[in-house]
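Written out below as structure tokens is the structure these notes cover.
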Amino acid sequence: MGLEHGYMEDIIVHPEYQGQGIGVELVKELLRKSERFGLGIVTVSYEENKTNFYKKCGFTTGAGGVWQSVNKILSN
């Protein structure tokens with residue numbers, strides 16, 4: 001398919017600053033950088049209790065982890 005694949009791991013915000021949108025902005029900036037590098041797919045590993053965070057970032061859960069096309073995420 002010609003798609004390049006990126007991977008994120010351990011996107012963490014200090015507990016004192018959580019809930020302010022910082023993590024979502026970090027992930028979105030990483031996705032913007034990924035798009036500039038031509039990545040078509042980005043996956044992320046996460047703990048189950050972080051599923052809602054990654055859904056908020058635009059990812060779709062699936063068997064084996066979370067994945068999403070960079071172009072779809074950035075259009076949200």
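Labeling convention for the structure tokens: chains A, B, ... as they appear, residues from 1 per chain, ligands from 1 in order of appearance.
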
**Item:** Shell around Ser34 of chain A at 10 Å using only C-alpha atoms, local window under 2 positions removed, as a list in words
**Value:** Glu4, His5, Gly6, Tyr7, Lys28, Glu29, Leu30, Leu31, Arg32, Arg36, Phe37, Gly38, Leu39, Gly40, Ile41, Val42, Val70 and Asn71 of chain A

**Prompt:** Using only C-alpha atoms, which residue out of A:Ser45, A:Gln20, A:Glu25, A:Lys50 lies closest to Met8 of chain A?
**Reply:** A:Ser45

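Proximity of A:Tyr46, A:Glu9, A:Pro15, A:Cys57 to Val27 of chain A, computed with only C-alpha atoms, is greatest for A:Cys57.
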